[in-house]
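*Asks:* My questions will all concern the structure given below.
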Amino acid sequence: MKILVAEPLAASALDLLRAEPGFEVIESNPKEYRAHLPTADALIVRSAVKVTSEVLDQAPCLRVVGRAGIGTDNIDMAVATERGVLVMNTPGGNAVSVAEHTLALMLALARSIPQASASTRAGRWEKKKFLGTELRGKTLGVIGLGNIGVAVVRLARPFGMKMVAHDPYVAAQLAADEDVELVPLDELYRRSDYITLHVSLTNQTQGMLNRAAFAKMQEGVRIVNCARGELIDTAALDEALASGKVAGAALDVFAPEPPPAEYPLFARDSVVATPHIAGSTEEAQEEVSLRIAEQIREYLKTGVAVNAVNMPAVSAEEFRHLRPYLQLAKRLGSFVAQISTGSPQGVRLTYSGKLAEGNTNLIRNAALAGMLNRFLSQRANLVNAAQIAAGRGWRIDEVRGARLQYTDSISVVLRTDRGESTAEGTVLLNDSPRLLNVDGIQVEAPLHGHLVFMKNRDVPGVIGRVGTVLGENKINIANFSLGRRENHCDPAEPAEAVAVVHIDEPIPERVLELLRESPAVKFACAVELD
């Protein structure tokens, strides 16, 4: 497999990937990497490379994009998901570095360090001009209490600062554990002497520090941004600095990057600027490089997705437990898709046993992928299956805790405009997926390889006819499973029966036609399972 490294990665990370048998590592750069996209299985980027729809169009083999860092706004997530390309990042890998830079910028604002340094180097001795303020006793407002926000809180506490934070997605207990008061955003604006941003860029957060926000802040507030430049309305910040509402701003990020030479904020002495280096320490670069290399290796080798951004998240341990059930769900989905007729309209999945107690999103996606790949040329997988199914108008229902035939089993129902098809299965001790039930009729069969599925009237001669037709056409039977539904309404009428025949090679259509010629056979089709 080919791993394309489009931006600089630590040597230790490259060595880790190169040591893996079967991996070919291609080192490139943001200007030349596109030449290698057509054969790349994995792409590793930082922030300079923009993984757009055009880039993804050039990478038909791509399975995963790894972002060495936390921000993924340089990756078109919607298109990556649609193409079934997993996107992963390394949250927390540079948290300490960014937090330390945030504190450094706060101190630079409090003591006018860059301005005092420039003045002193110019031969001036302006002690009175650079009268500073202490951090002690000031209120720090942290917007975003993730890994970096928490690291900032821990570093700021020894300075004697009071902490308030706003993050609608964080548990109150986490904030309490860090001795941070969670407050509404407007209250944070009103109470804070320093405000630091540590949120991702979304439609909701873009331009969040705007004229209305600055109007709610106290006079002389100081702003620090080591997250994303787009979080701040530049014109509004410039006005707030001019009026004195904002006493100073320290910016490590800009929109665009690099900013133009005539960037208006650079004309103000109250602005401290650094070139997006908050996460750029030797330790952080080594950490995120190694993390993304390990995650890419694990995903390509085992399918375990750590820090996935566009796929339902489970731990590596959970994934290893779920893996045989993902295979089961995918094959059940593929099975019902191949025995169904008509246009698909909806899916119902039922989970029993411990499966019903856990995260079933991946199992759902696996079953959907198994179905969709029988109907569509578009690749469906754990990343994009739910999106594709929803886009086609399928209704997806999930039932947990129902009593099925076996503990830890899965039932998949595919509804079409011509009826429903149902298959239930479980995983045996050797992690082998096994079919247990079709359309309410018990029938046990392996869920792999080449199968023939039949519905027939339970009358003498059917089994013999199947054996004769397959034998005459040199098709060997590996396993023959039968089941029937008792006809309690009219015992004189033959019961409805099903057969699942496991054979050693694909069955030609002409042989299926011979099976269908039997008056007792109501339906017969081939089922191919990977």
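Following the order of the structure tokens, first chain is A, next is B, and so on, with residues numbered from 1 inside each chain and ligands from 1 in the order they appear.
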Taking 2 positions as the minimum chain separation for residues in the same chain, which residues sit within 12 Å of stretch 103-110 of chain A when counting only C-alpha atoms? Answer as a ChimeraX atom specification.
*Replies:* /A:96-101,112-117,130-136,138,140,148-149,151-159,161,193-196,220-226,246-252,269-274,277-278
*Asks:* Extract the full set of helix (DSSP H, G or I) residues from stretch 220-320 of chain A according to DSSP on the backbone, and format it as a PyMOL selection string.
*Replies:* chain A and resi 229-231+234-243+264-267+282-302+316-320
*Asks:* Would you save the residues from that selection as a CSV table (one decimal), in the first residue's frame, using N, CA and C atoms?
*Replies:*
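result_15.csv written:
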chain,number,residue,atom,x,y,z
A,229,GLY,N,-8.2,31.9,12.3
A,229,GLY,CA,-8.4,33.3,12.0
A,229,GLY,C,-9.8,33.7,11.7
A,230,GLU,N,-10.6,32.8,11.1
A,230,GLU,CA,-11.9,33.1,10.7
A,230,GLU,C,-12.9,33.3,11.9
A,231,LEU,N,-12.5,32.9,13.1
A,231,LEU,CA,-13.3,33.1,14.3
A,231,LEU,C,-13.6,34.6,14.6
A,234,THR,N,-12.3,40.7,11.4
A,234,THR,CA,-11.2,41.5,11.5
A,234,THR,C,-11.5,43.0,11.6
A,235,ALA,N,-12.5,43.4,10.7
A,235,ALA,CA,-12.9,44.8,10.7
A,235,ALA,C,-13.5,45.2,12.1
A,236,ALA,N,-14.2,44.4,12.7
A,236,ALA,CA,-14.8,44.7,14.0
A,236,ALA,C,-13.8,44.7,15.1
A,237,LEU,N,-12.7,43.8,15.0
A,237,LEU,CA,-11.6,43.9,16.0
A,237,LEU,C,-10.9,45.2,15.8
A,238,ASP,N,-10.6,45.6,14.6
A,238,ASP,CA,-9.9,46.8,14.3
A,238,ASP,C,-10.6,48.0,14.9
A,239,GLU,N,-11.9,48.1,14.8
A,239,GLU,CA,-12.7,49.2,15.4
A,239,GLU,C,-12.7,49.1,16.9
A,240,ALA,N,-12.7,47.9,17.5
A,240,ALA,CA,-12.7,47.8,18.9
A,240,ALA,C,-11.3,48.2,19.5
A,241,LEU,N,-10.3,47.9,18.8
A,241,LEU,CA,-8.9,48.4,19.2
A,241,LEU,C,-8.8,49.9,19.1
A,242,ALA,N,-9.4,50.4,18.0
A,242,ALA,CA,-9.3,51.9,17.8
A,242,ALA,C,-10.0,52.6,18.9
A,243,SER,N,-11.2,52.1,19.4
A,243,SER,CA,-12.0,52.7,20.4
A,243,SER,C,-11.5,52.5,21.8
A,264,PRO,N,-4.6,45.4,8.1
A,264,PRO,CA,-4.9,46.6,8.9
A,264,PRO,C,-4.4,46.5,10.3
A,265,LEU,N,-4.6,45.3,10.9
A,265,LEU,CA,-4.2,45.2,12.3
A,265,LEU,C,-2.8,45.3,12.6
A,266,PHE,N,-1.9,45.1,11.6
A,266,PHE,CA,-0.5,45.2,11.8
A,266,PHE,C,0.0,46.6,12.0
A,267,ALA,N,-0.9,47.6,11.7
A,267,ALA,CA,-0.5,49.0,11.9
A,267,ALA,C,-0.7,49.4,13.4
A,282,GLU,N,9.3,21.4,18.8
A,282,GLU,CA,9.9,20.1,18.4
A,282,GLU,C,9.1,19.0,19.0
A,283,GLU,N,8.7,19.1,20.2
A,283,GLU,CA,8.0,18.1,20.9
A,283,GLU,C,6.6,17.8,20.3
A,284,ALA,N,5.9,18.9,19.9
A,284,ALA,CA,4.5,18.7,19.3
A,284,ALA,C,4.6,18.1,18.0
A,285,GLN,N,5.6,18.6,17.2
A,285,GLN,CA,5.7,18.0,15.8
A,285,GLN,C,6.0,16.6,15.8
A,286,GLU,N,6.9,16.2,16.8
A,286,GLU,CA,7.2,14.8,16.9
A,286,GLU,C,6.0,14.0,17.3
A,287,GLU,N,5.2,14.5,18.3
A,287,GLU,CA,4.1,13.8,18.8
A,287,GLU,C,3.0,13.6,17.8
A,288,VAL,N,2.6,14.7,17.1
A,288,VAL,CA,1.5,14.5,16.1
A,288,VAL,C,2.0,13.7,14.9
A,289,SER,N,3.2,13.8,14.5
A,289,SER,CA,3.7,12.9,13.4
A,289,SER,C,3.6,11.5,13.8
A,290,LEU,N,4.1,11.1,15.0
A,290,LEU,CA,4.1,9.7,15.4
A,290,LEU,C,2.6,9.2,15.6
A,291,ARG,N,1.8,10.1,16.1
A,291,ARG,CA,0.4,9.7,16.3
A,291,ARG,C,-0.3,9.4,15.0
A,292,ILE,N,-0.2,10.3,14.0
A,292,ILE,CA,-0.9,10.0,12.7
A,292,ILE,C,-0.3,8.8,12.0
A,293,ALA,N,1.0,8.6,12.1
A,293,ALA,CA,1.7,7.5,11.5
A,293,ALA,C,1.1,6.2,12.1
A,294,GLU,N,1.0,6.2,13.4
A,294,GLU,CA,0.5,5.0,14.1
A,294,GLU,C,-1.0,4.7,13.7
A,295,GLN,N,-1.7,5.8,13.6
A,295,GLN,CA,-3.2,5.7,13.3
A,295,GLN,C,-3.4,5.2,11.9
A,296,ILE,N,-2.6,5.7,11.0
A,296,ILE,CA,-2.6,5.3,9.6
A,296,ILE,C,-2.3,3.8,9.4
A,297,ARG,N,-1.2,3.4,10.1
A,297,ARG,CA,-0.7,2.0,10.1
A,297,ARG,C,-1.8,1.1,10.6
A,298,GLU,N,-2.4,1.5,11.8
A,298,GLU,CA,-3.4,0.6,12.4
A,298,GLU,C,-4.6,0.5,11.5
A,299,TYR,N,-5.1,1.6,10.8
A,299,TYR,CA,-6.2,1.5,10.0
A,299,TYR,C,-6.0,0.7,8.8
A,300,LEU,N,-4.9,0.9,8.1
A,300,LEU,CA,-4.6,0.1,6.9
A,300,LEU,C,-4.4,-1.4,7.2
A,301,LYS,N,-3.9,-1.7,8.3
A,301,LYS,CA,-3.6,-3.1,8.7
A,301,LYS,C,-4.8,-3.8,9.2
A,302,THR,N,-5.6,-3.1,10.1
A,302,THR,CA,-6.6,-3.8,10.9
A,302,THR,C,-8.0,-3.2,10.7
A,316,ALA,N,-10.3,1.3,20.1
A,316,ALA,CA,-9.7,0.2,19.4
A,316,ALA,C,-10.1,-1.1,20.0
A,317,GLU,N,-10.3,-1.2,21.3
A,317,GLU,CA,-10.8,-2.4,21.9
A,317,GLU,C,-12.2,-2.8,21.5
A,318,GLU,N,-13.0,-1.8,21.4
A,318,GLU,CA,-14.4,-2.0,21.0
A,318,GLU,C,-14.4,-2.5,19.5
A,319,PHE,N,-13.6,-1.9,18.7
A,319,PHE,CA,-13.5,-2.2,17.3
A,319,PHE,C,-13.1,-3.7,17.1
A,320,ARG,N,-12.2,-4.1,17.9
A,320,ARG,CA,-11.7,-5.5,17.8
A,320,ARG,C,-12.8,-6.5,18.2
*Asks:* Write out as a ChimeraX atom specification the residues lying within 7 Å of A:His166, counting only C-alpha atoms and excluding same-chain residues fewer than 4 positions away.
*Replies:* /A:142-144,182-185
*Asks:* Calculated over only C-alpha atoms, which of the candidates A:Ile3, A:Val427, A:Leu515, A:Ala308 has the smallest distance to A:Val85?
*Replies:*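 The shortest atom-to-atom distance to A:Val85 comes from A:Ala308.
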*Asks:* Could you produce a table of the residues of stretch 355-431 of chain A lying within 10 Å of stretch 340-347 of chain A, with the nearest pair of atoms per residue and their separation in Å rounded to one decimal, using only C-alpha atoms, ordered by chain and increasing residue number, as a tab-separated table?
*Replies:*
residue	atom	partner	partner_atom	distance
A:Arg364	CA	A:Val347	CA	9.7
A:Ala367	CA	A:Val347	CA	9.3
A:Leu368	CA	A:Val347	CA	8.2
A:Met371	CA	A:Pro344	CA	9.5
A:Leu372	CA	A:Pro344	CA	9.6
A:Phe375	CA	A:Pro344	CA	9.2
A:Ala389	CA	A:Gly346	CA	8.7
A:Ala390	CA	A:Gly346	CA	9.6
A:Arg392	CA	A:Gln345	CA	8.5
A:Gly393	CA	A:Gln345	CA	7.1
A:Trp394	CA	A:Gly346	CA	4.5
A:Arg395	CA	A:Gly346	CA	4.4
A:Ile396	CA	A:Val347	CA	4.9
A:Asp397	CA	A:Val347	CA	6.2
A:Glu398	CA	A:Val347	CA	8.4
A:Val412	CA	A:Val347	CA	7.2
A:Val413	CA	A:Val347	CA	5.6
A:Leu414	CA	A:Val347	CA	4.8
A:Arg415	CA	A:Gly346	CA	5.1
A:Thr416	CA	A:Pro344	CA	4.2
A:Asp417	CA	A:Ser343	CA	5.6
A:Arg418	CA	A:Gly342	CA	5.3
A:Gly419	CA	A:Gly342	CA	7.9
A:Glu420	CA	A:Ser340	CA	7.5
A:Ser421	CA	A:Ser340	CA	6.0
A:Thr422	CA	A:Ser340	CA	9.2
*Asks:* Contacts of A:Ala42 at 7 Å or less, counting only C-alpha atoms, minus same-chain residues fewer than 6 places along, as a PyMOL selection string?
*Replies:* chain A and resi 2-4+62-65
*Asks:* I need the residues in stretch 245-461 of chain A that are strand (DSSP E) according to DSSP; give them as a ChimeraX atom specification.
*Replies:* /A:246-251,271-273,344-351,395-400,409-416,419-427,433-438,441-446,449-457
*Asks:* Hey, can you check how far atom CA of A:Gly279 sits from atom CA of A:Pro256?
*Replies:*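 Atom CA of A:Pro256 lies 18.2 Å from atom CA of A:Gly279.
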